[in-house]
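K.L.:
Just start08.cif, nothing more (mmCIF, C-alpha atoms and all ligand atoms):
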data_my_file
loop_
_atom_site.label_atom_id
_atom_site.label_comp_id
_atom_site.auth_asym_id
_atom_site.auth_seq_id
_atom_site.Cartn_x
_atom_site.Cartn_y
_atom_site.Cartn_z
CA MET A 1 -7.16 57.03 32.43
CA SER A 2 -10.08 59.24 33.03
CA VAL A 3 -11.43 59.06 36.56
CA THR A 4 -8.49 59.85 38.85
CA GLY A 5 -4.91 61.02 38.70
CA LYS A 6 -2.18 58.51 38.00
CA ASN A 7 -1.62 56.50 41.18
CA ALA A 8 -4.96 57.06 42.91
CA THR A 9 -7.36 54.21 43.37
CA VAL A 10 -10.67 54.40 41.53
CA THR A 11 -13.77 54.23 43.76
CA PRO A 12 -17.48 53.68 43.01
CA PRO A 13 -18.35 57.32 43.91
CA GLN A 14 -15.67 58.52 41.45
CA VAL A 15 -17.13 56.33 38.75
CA MET A 16 -20.57 57.73 39.52
CA ALA A 17 -19.28 61.30 39.44
CA SER A 18 -17.64 60.73 36.05
CA LYS A 19 -21.03 60.80 34.30
CA GLY A 20 -20.76 62.89 31.13
CA SER A 21 -16.98 63.35 31.23
CA THR A 22 -14.18 61.36 29.57
CA PRO A 23 -15.57 57.87 28.86
CA LEU A 24 -14.73 55.18 31.42
CA VAL A 25 -12.36 52.52 30.13
CA CYS A 26 -13.58 49.14 31.36
CA LEU A 27 -12.34 45.66 30.51
CA THR A 28 -12.77 42.14 31.85
CA ALA A 29 -9.86 40.16 33.32
CA TYR A 30 -9.69 36.71 34.90
CA THR A 31 -6.00 36.23 35.68
CA THR A 32 -3.21 38.13 37.45
CA PRO A 33 -1.07 38.83 34.34
CA MET A 34 -4.04 40.20 32.40
CA ALA A 35 -5.21 42.24 35.41
CA LYS A 36 -1.75 43.86 35.58
CA LEU A 37 -1.92 44.79 31.90
CA ALA A 38 -5.47 46.15 32.26
CA ASP A 39 -4.65 48.09 35.44
CA ALA A 40 -2.22 50.29 33.53
CA HIS A 41 -4.95 51.56 31.19
CA CYS A 42 -8.40 50.94 32.66
CA ASP A 43 -10.66 52.62 35.19
CA VAL A 44 -12.70 49.50 35.90
CA VAL A 45 -11.70 45.83 35.69
CA LEU A 46 -14.61 43.40 35.73
CA VAL A 47 -14.17 39.78 36.69
CA GLY A 48 -17.06 38.82 34.42
CA ASP A 49 -18.90 35.53 34.50
CA SER A 50 -17.91 35.41 30.82
CA VAL A 51 -14.91 33.61 32.37
CA GLY A 52 -17.01 30.45 32.14
CA MET A 53 -17.12 30.68 28.35
CA VAL A 54 -13.74 32.17 27.49
CA LEU A 55 -11.54 30.29 29.98
CA HIS A 56 -13.53 27.24 31.11
CA GLY A 57 -15.09 26.24 27.78
CA LEU A 58 -18.70 26.39 28.99
CA LEU A 59 -21.38 26.98 26.36
CA SER A 60 -23.04 29.75 28.40
CA THR A 61 -22.47 31.59 31.69
CA LEU A 62 -25.13 29.50 33.45
CA GLY A 63 -22.69 26.91 34.82
CA VAL A 64 -20.46 29.48 36.51
CA THR A 65 -20.39 29.12 40.31
CA LEU A 66 -19.72 31.49 43.18
CA ASP A 67 -16.55 29.53 43.99
CA MET A 68 -15.28 30.07 40.43
CA MET A 69 -15.93 33.81 40.71
CA ILE A 70 -14.14 33.93 44.07
CA MET A 71 -11.13 32.06 42.71
CA HIS A 72 -10.82 34.33 39.66
CA GLY A 73 -11.53 37.39 41.82
CA GLN A 74 -8.64 36.52 44.12
CA THR A 75 -6.41 36.00 41.10
CA VAL A 76 -7.33 39.36 39.56
CA ARG A 77 -6.96 41.20 42.90
CA ARG A 78 -3.26 40.31 42.92
CA GLY A 79 -2.80 42.16 39.63
CA LEU A 80 -4.63 45.40 40.42
CA GLU A 81 -3.32 48.50 42.13
CA ARG A 82 -5.46 51.27 40.70
CA ALA A 83 -8.52 50.17 38.75
CA LEU A 84 -11.87 49.62 40.44
CA MET A 85 -12.44 45.88 40.74
CA VAL A 86 -15.98 44.61 40.13
CA VAL A 87 -16.94 40.93 40.33
CA ASP A 88 -20.01 39.42 38.66
CA MET A 89 -22.54 37.57 40.80
CA PRO A 90 -23.12 34.31 38.91
CA PHE A 91 -26.48 32.83 37.91
CA GLY A 92 -28.39 31.50 40.92
CA SER A 93 -26.40 33.42 43.54
CA TYR A 94 -28.72 36.45 43.94
CA GLU A 95 -32.14 35.99 42.29
CA GLU A 96 -33.91 34.13 45.10
CA SER A 97 -34.09 36.96 47.62
CA PRO A 98 -32.30 40.13 48.74
CA GLY A 99 -31.00 38.12 51.72
CA GLN A 100 -29.44 35.50 49.45
CA ALA A 101 -27.88 38.25 47.32
CA PHE A 102 -26.49 40.00 50.42
CA ALA A 103 -24.91 36.83 51.84
CA ASN A 104 -23.24 35.96 48.54
CA ALA A 105 -22.15 39.54 47.80
CA VAL A 106 -20.51 39.64 51.24
CA ARG A 107 -18.60 36.45 50.38
CA LEU A 108 -17.44 37.95 47.08
CA ILE A 109 -16.24 41.15 48.74
CA ALA A 110 -14.70 39.50 51.82
CA GLU A 111 -12.95 36.70 49.96
CA THR A 112 -11.75 38.58 46.85
CA GLY A 113 -11.25 42.15 48.08
CA CYS A 114 -13.35 43.55 45.22
CA GLU A 115 -14.89 46.99 45.72
CA ALA A 116 -18.20 46.32 43.97
CA ILE A 117 -20.35 43.57 42.53
CA LYS A 118 -22.35 43.38 39.30
CA LEU A 119 -25.65 41.62 38.81
CA GLU A 120 -27.95 41.25 35.83
CA GLY A 121 -31.54 42.44 35.49
CA GLY A 122 -33.65 45.59 35.64
CA GLU A 123 -36.97 46.26 37.35
CA PRO A 124 -37.37 42.68 38.73
CA ILE A 125 -34.03 42.89 40.55
CA ALA A 126 -34.32 46.54 41.67
CA GLU A 127 -35.51 45.62 45.17
CA THR A 128 -32.37 43.51 45.63
CA ILE A 129 -30.14 46.35 44.40
CA ARG A 130 -31.84 48.67 46.90
CA PHE A 131 -31.24 46.13 49.69
CA LEU A 132 -27.54 45.76 48.86
CA THR A 133 -26.77 49.44 48.35
CA ALA A 134 -28.57 50.36 51.60
CA ARG A 135 -26.15 47.98 53.34
CA GLY A 136 -22.98 49.46 51.87
CA ILE A 137 -22.46 47.23 48.84
CA PRO A 138 -21.78 49.17 45.63
CA VAL A 139 -23.71 47.61 42.75
CA MET A 140 -23.06 47.86 39.02
CA ALA A 141 -26.29 46.88 37.24
CA HIS A 142 -26.59 45.21 33.81
CA VAL A 143 -29.63 45.63 31.51
CA GLY A 144 -30.49 45.03 27.86
CA LEU A 145 -29.08 41.66 26.84
CA THR A 146 -28.52 39.79 30.10
CA PRO A 147 -26.67 36.58 29.13
CA GLN A 148 -27.76 34.72 32.28
CA ALA A 149 -31.32 34.94 30.87
CA VAL A 150 -30.30 33.27 27.59
CA ASN A 151 -32.90 30.50 27.93
CA ALA A 152 -35.74 32.86 28.81
CA LEU A 153 -34.74 35.25 25.99
CA GLY A 154 -34.31 32.40 23.50
CA GLY A 155 -30.77 33.46 22.55
CA TYR A 156 -28.46 36.46 22.47
CA ALA A 157 -30.51 38.82 20.29
CA VAL A 158 -30.46 42.63 20.49
CA GLN A 159 -32.83 43.80 23.24
CA GLY A 160 -35.10 46.85 23.10
CA ARG A 161 -35.99 47.12 19.44
CA GLY A 162 -39.14 49.15 18.68
CA GLN A 163 -41.74 49.23 21.47
CA ASP A 164 -39.55 46.96 23.61
CA GLY A 165 -37.20 49.92 24.03
CA GLU A 166 -39.49 51.27 26.74
CA ARG A 167 -38.92 48.11 28.81
CA VAL A 168 -35.13 48.50 28.64
CA ALA A 169 -35.37 52.25 29.40
CA HIS A 170 -37.61 51.44 32.36
CA ASP A 171 -35.11 48.82 33.60
CA ALA A 172 -32.28 51.36 33.44
CA ALA A 173 -34.35 53.91 35.35
CA ALA A 174 -35.34 51.30 37.97
CA VAL A 175 -31.75 50.25 38.74
CA THR A 176 -30.72 53.91 38.92
CA ASP A 177 -33.52 54.62 41.38
CA ALA A 178 -32.49 51.57 43.42
CA GLY A 179 -29.00 52.99 43.98
CA ALA A 180 -26.73 51.30 41.41
CA PHE A 181 -23.57 53.39 40.83
CA SER A 182 -23.40 52.48 37.12
CA VAL A 183 -25.15 50.25 34.62
CA VAL A 184 -23.92 48.08 31.76
CA LEU A 185 -26.06 48.42 28.61
CA GLU A 186 -25.49 45.31 26.53
CA LYS A 187 -26.59 44.88 22.91
CA VAL A 188 -29.31 47.53 22.71
CA PRO A 189 -30.03 49.70 19.63
CA GLU A 190 -27.70 52.70 19.43
CA PRO A 191 -30.42 55.42 19.63
CA LEU A 192 -31.92 53.73 22.69
CA ALA A 193 -28.55 53.52 24.47
CA ARG A 194 -27.96 57.20 23.65
CA ARG A 195 -31.39 58.12 24.98
CA ILE A 196 -30.97 56.11 28.22
CA THR A 197 -27.54 57.68 28.75
CA SER A 198 -29.09 61.14 28.53
CA GLU A 199 -32.03 60.20 30.79
CA ILE A 200 -30.43 58.49 33.79
CA ALA A 201 -28.15 60.02 36.40
CA ILE A 202 -25.59 57.20 36.63
CA PRO A 203 -22.89 56.31 34.08
CA THR A 204 -23.89 53.86 31.35
CA ILE A 205 -21.19 51.42 30.27
CA GLY A 206 -21.85 50.19 26.78
CA ILE A 207 -21.10 46.90 25.08
CA GLY A 208 -22.69 46.81 21.65
CA ALA A 209 -24.57 49.97 22.65
CA SER A 210 -23.46 53.52 21.73
CA PRO A 211 -20.39 55.80 21.66
CA ALA A 212 -22.57 58.20 23.64
CA CYS A 213 -22.37 55.89 26.68
CA ASP A 214 -20.37 57.13 29.66
CA GLY A 215 -17.94 54.22 29.28
CA GLN A 216 -17.28 51.12 27.23
CA ILE A 217 -16.49 47.54 28.19
CA LEU A 218 -15.26 44.54 26.21
CA VAL A 219 -14.37 40.97 27.09
CA VAL A 220 -10.57 40.94 27.08
CA ASP A 221 -10.23 37.63 25.26
CA ASP A 222 -12.57 38.91 22.52
CA MET A 223 -10.69 42.16 21.94
CA LEU A 224 -7.32 40.40 21.95
CA GLY A 225 -8.55 37.75 19.52
CA ALA A 226 -7.69 35.03 22.04
CA PHE A 227 -11.25 33.62 22.19
CA THR A 228 -12.20 32.58 18.67
CA ASP A 229 -15.14 30.15 19.12
CA PHE A 230 -17.49 32.91 17.97
CA ARG A 231 -17.24 36.65 17.46
CA PRO A 232 -20.04 39.03 18.46
CA ARG A 233 -20.37 42.01 16.11
CA PHE A 234 -19.54 44.44 18.92
CA ALA A 235 -16.31 42.64 19.85
CA LYS A 236 -13.79 44.76 17.97
CA ARG A 237 -10.44 43.00 17.70
CA TYR A 238 -7.31 44.93 18.62
CA ALA A 239 -4.98 41.92 18.29
CA SER A 240 -4.97 38.36 16.95
CA LEU A 241 -3.45 36.45 19.86
CA GLY A 242 -5.25 33.23 18.88
CA GLU A 243 -3.58 33.25 15.44
CA GLU A 244 -0.22 34.22 16.93
CA ALA A 245 -0.45 31.41 19.50
CA ASP A 246 -1.39 28.91 16.78
CA LYS A 247 1.65 29.90 14.71
CA ALA A 248 3.94 29.77 17.75
CA ILE A 249 2.74 26.32 18.85
CA ALA A 250 3.04 24.98 15.29
CA ALA A 251 6.64 26.29 15.10
CA TYR A 252 7.43 24.70 18.48
CA ALA A 253 5.97 21.35 17.39
CA GLU A 254 8.00 21.42 14.19
CA GLU A 255 11.26 22.19 16.06
CA VAL A 256 10.63 19.42 18.59
CA GLN A 257 9.93 16.88 15.84
CA THR A 258 13.04 17.86 13.85
CA ARG A 259 15.24 18.03 17.00
CA ARG A 260 16.04 21.71 16.46
CA LEU A 261 14.85 22.39 20.03
CA PRO A 262 16.64 22.55 22.38
CA ALA A 263 19.52 24.26 20.58
CA ALA A 264 22.98 24.79 22.11
CA GLU A 265 21.86 27.92 23.97
CA HIS A 266 19.01 26.04 25.69
CA VAL A 267 21.03 23.20 27.24
CA PHE A 268 23.50 22.91 30.14
CA GLY A 269 26.79 21.14 30.88
CA ASP A 270 30.45 22.13 30.54
CA ALA A 271 31.27 19.79 27.71
CA THR A 272 27.88 19.81 26.05
CA ARG A 273 27.84 20.27 22.33
CA ILE A 274 25.10 19.62 19.86
CA VAL A 275 26.05 17.06 17.21
CA ALA A 276 24.83 17.16 13.67
CA ASP A 277 22.01 14.60 14.08
CA GLY A 278 20.52 16.61 16.95
CA GLY A 279 21.90 14.38 19.73
CA THR A 280 24.24 15.65 22.49
CA THR A 281 27.62 14.37 23.57
O1 LIG B 301 -19.45 38.71 32.02
C1 LIG B 301 -19.03 39.69 31.40
O2 LIG B 301 -17.89 39.70 30.89
C2 LIG B 301 -19.89 40.85 31.28
C3 LIG B 301 -19.48 41.94 30.34
C4 LIG B 301 -19.69 41.50 28.95
C5 LIG B 301 -20.19 43.21 30.62
O3 LIG B 301 -20.91 40.91 31.90
#
Could you quickly redo this structure as structure tokens?
Ligand code: KIV
P.N.:
Amino acid sequence: MSVTGKNATVTPPQVMASKGSTPLVCLTAYTTPMAKLADAHCDVVLVGDSVGMVLHGLLSTLGVTLDMMIMHGQTVRRGLERALMVVDMPFGSYEESPGQAFANAVRLIAETGCEAIKLEGGEPIAETIRFLTARGIPVMAHVGLTPQAVNALGGYAVQGRGQDGERVAHDAAAVTDAGAFSVVLEKVPEPLARRITSEIAIPTIGIGASPACDGQILVVDDMLGAFTDFRPRFAKRYASLGEEADKAIAAYAEEVQTRRLPAAEHVFGDATRIVADGGTT
């Protein structure tokens, strides 16, 4: 853990001050058990709107609602003691106006207890970031590939190749100027992410970006191999929980069908004994 000593709580100013030091360890979580596991190792836990795809089976993040984010935020809050908790503002909850963004960010903070919110977009959303931060709401920005813009972008391609790199660099500078305390750089070419990290004053948190970033983030279900519908190149797997779960459920099914479950140690009753054909007497 890089930002504070062992039992101290991580704050947005500490994240901001960590620029250039030990990389920030950031991970998504959507449930209390996973939040507890992440809290032991991470500086920042993000309740990402990726929850719509990895837990709710949606095809994109566009169908995620504020109520879903609040419900998962409350669930994650119960598992965190130390990490900074950030909750994503879902598609449609902040783009209309700074006032709309403020009202919905207040709901997220008041109803989940998160310390900060994240929203997607660069220069076009900078005015909203300025409005929120001026009113005491810490904002993590998100530039490069912004999945809520999947239809406008025509897919999930790398952003900022060639001349387009200037647009992404400009977006990162604009959200910094607007007062964001950190910025996620998603799926941008490595040299561009490195350059942006050296140019802006706030920590960059990379996902498919660069080891030079001030922190890294992954979707927890991707890195655990629990979400297997598709696998982005940047989603390094540290476990194969999907395969393990498949094997475990297959073994359970086989034991149920052959009456090997429950065995003697799983049943109750003074005179209970398991007879050879799997029945009990
Ligand atoms: O929704 C999410 O999980 C995210 C991360 C990938 C940064 O925005």
K.L.:
Once you count only C-alpha atoms and all ligand atoms, which residues end up within 10 Å of ligand LIG 301 (chain B), and could you hand them over as number ranges by chain?
P.N.:
A: 26-30, 45-54, 61, 87-90, 118-120, 141-143, 145-148, 183-187, 205-208, 216-222, 235
K.L.:
Report, in Å with one decimal, the straight-line distance from CA of Ala174 (chain A) to CA of Gln14 (chain A).
P.N.:
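Spanning CA of Ala174 (chain A) to CA of Gln14 (chain A) is a straight-line distance of 21.2 Å.
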K.L.:
For region 44-48 of chain A, I'd like the enclosing box, axis-aligned and padded by 8 Å on every side, reported as AutoDock Vina command-line options with centre and edge lengths in Å to one decimal.
P.N.:
--center_x -14.4 --center_y 44.2 --center_z 35.6 --size_x 21.4 --size_y 26.7 --size_z 18.3
K.L.:
Please compute the CA of Arg167 (chain A)-CA of Gly92 (chain A) distance, one decimal, in Å.
P.N.:
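One can read the CA of Arg167 (chain A) to CA of Gly92 (chain A) distance as 23.1 Å.
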K.L.:
Work out how far CA of Cys114 (chain A) is from CA of Val15 (chain A), in Å to one decimal.
P.N.:
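Rounded to one decimal, the two atoms are 14.8 Å apart.
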K.L.:
List as a tab-separated table every residue of region 12-103 of chain A that is in contact with region 125-134 of chain A, defined as an atom at most 10 Å from one of its atoms (using only C-alpha atoms), together with the nearest atom pair and the distance in Å rounded to one decimal, sorted by chain and then rising number.
P.N.:
residue	atom	partner	partner_atom	distance
A:Tyr94	CA	A:Thr128	CA	8.1
A:Glu95	CA	A:Ile125	CA	7.4
A:Glu96	CA	A:Thr128	CA	9.5
A:Ser97	CA	A:Thr128	CA	7.1
A:Pro98	CA	A:Thr128	CA	4.6
A:Gly99	CA	A:Thr128	CA	8.2
A:Gln100	CA	A:Thr128	CA	9.3
A:Ala101	CA	A:Thr128	CA	7.1
A:Phe102	CA	A:Leu132	CA	6.1
A:Ala103	CA	A:Leu132	CA	9.8
K.L.:
Can you list, as a list in words, every protein, DNA or RNA residue that comes within 12 Å of His56 (chain A) when you count only C-alpha atoms, leaving out same-chain residues fewer than 6 positions away?
P.N.:
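Answer for this query is Tyr30, Asp49, Ser50, Gly63, Val64, Thr65, Met68, Met69, His72 and Phe227 of chain A.
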K.L.:
List every protein, DNA or RNA residue with an atom no more than 10 Å from (-26.7, 32.5, 20.6) in the file's coordinates, counting only C-alpha atoms, and format the result as a list in words.
P.N.:
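Residues close enough to count: Leu59, Ser60, Pro147, Val150, Asn151, Gly154, Gly155, Tyr156, Ala157, Phe230 and Pro232 of chain A.
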K.L.:
For Pro13 (chain A), which residue among A:Met140, A:Ala263, A:Leu241, A:Ala169 is the nearest when counting all atoms listed in the file?
P.N.:
A:Met140
K.L.:
Between A:Ala180, A:Glu81, A:Ala209, A:Glu111, which is the closest to Gln159 (chain A) once you count all atoms listed in the file?
P.N.:
A:Ala209
K.L.:
Looking at A:Ser93, A:Thr228, A:Ser198, A:Thr75, which one is nearest to Ala245 (chain A), with distances taken over all atoms listed in the file?
P.N.:
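Closest to Ala245 (chain A) of all the choices is A:Thr228.
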K.L.:
Fewer than 2 positions away in the same chain doesn't count, so skip those; otherwise give me all residues within 8 Å of Gly160 (chain A), counting all atoms listed in the file, as number ranges by chain.
P.N.:
A: 144, 158, 162-168, 188-189, 192
K.L.:
Compute the distance from (-14.8, 34.1, 45.1) to each atom, counting all atoms listed in the file, keep the residues with any atom at most 6 Å away, and return them as a VMD selection string; use the coordinates of the file.
P.N.:
chain A and resid 66 to 67 69 to 71 73 108 111 to 112
K.L.:
Closest to Asp177 (chain A) among A:Met223, A:Met16, A:Ala201, A:Ala248, using all atoms listed in the file?
P.N.:
A:Ala201
K.L.:
From the set A:Glu254, A:Glu199, A:Asp214, A:Glu115, which residue has the shortest atom-to-atom contact distance to Ser21 (chain A), counting all atoms listed in the file?
P.N.:
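Once distances to Ser21 (chain A) are computed over all atoms listed in the file, the minimum belongs to A:Asp214.
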K.L.:
Measuring atom to atom with all atoms listed in the file, identify which of A:Ala17, A:Ile200, A:Met34, A:Val175 is nearest to Gly122 (chain A).
P.N.:
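Under the stated criterion, the closest residue is A:Val175.
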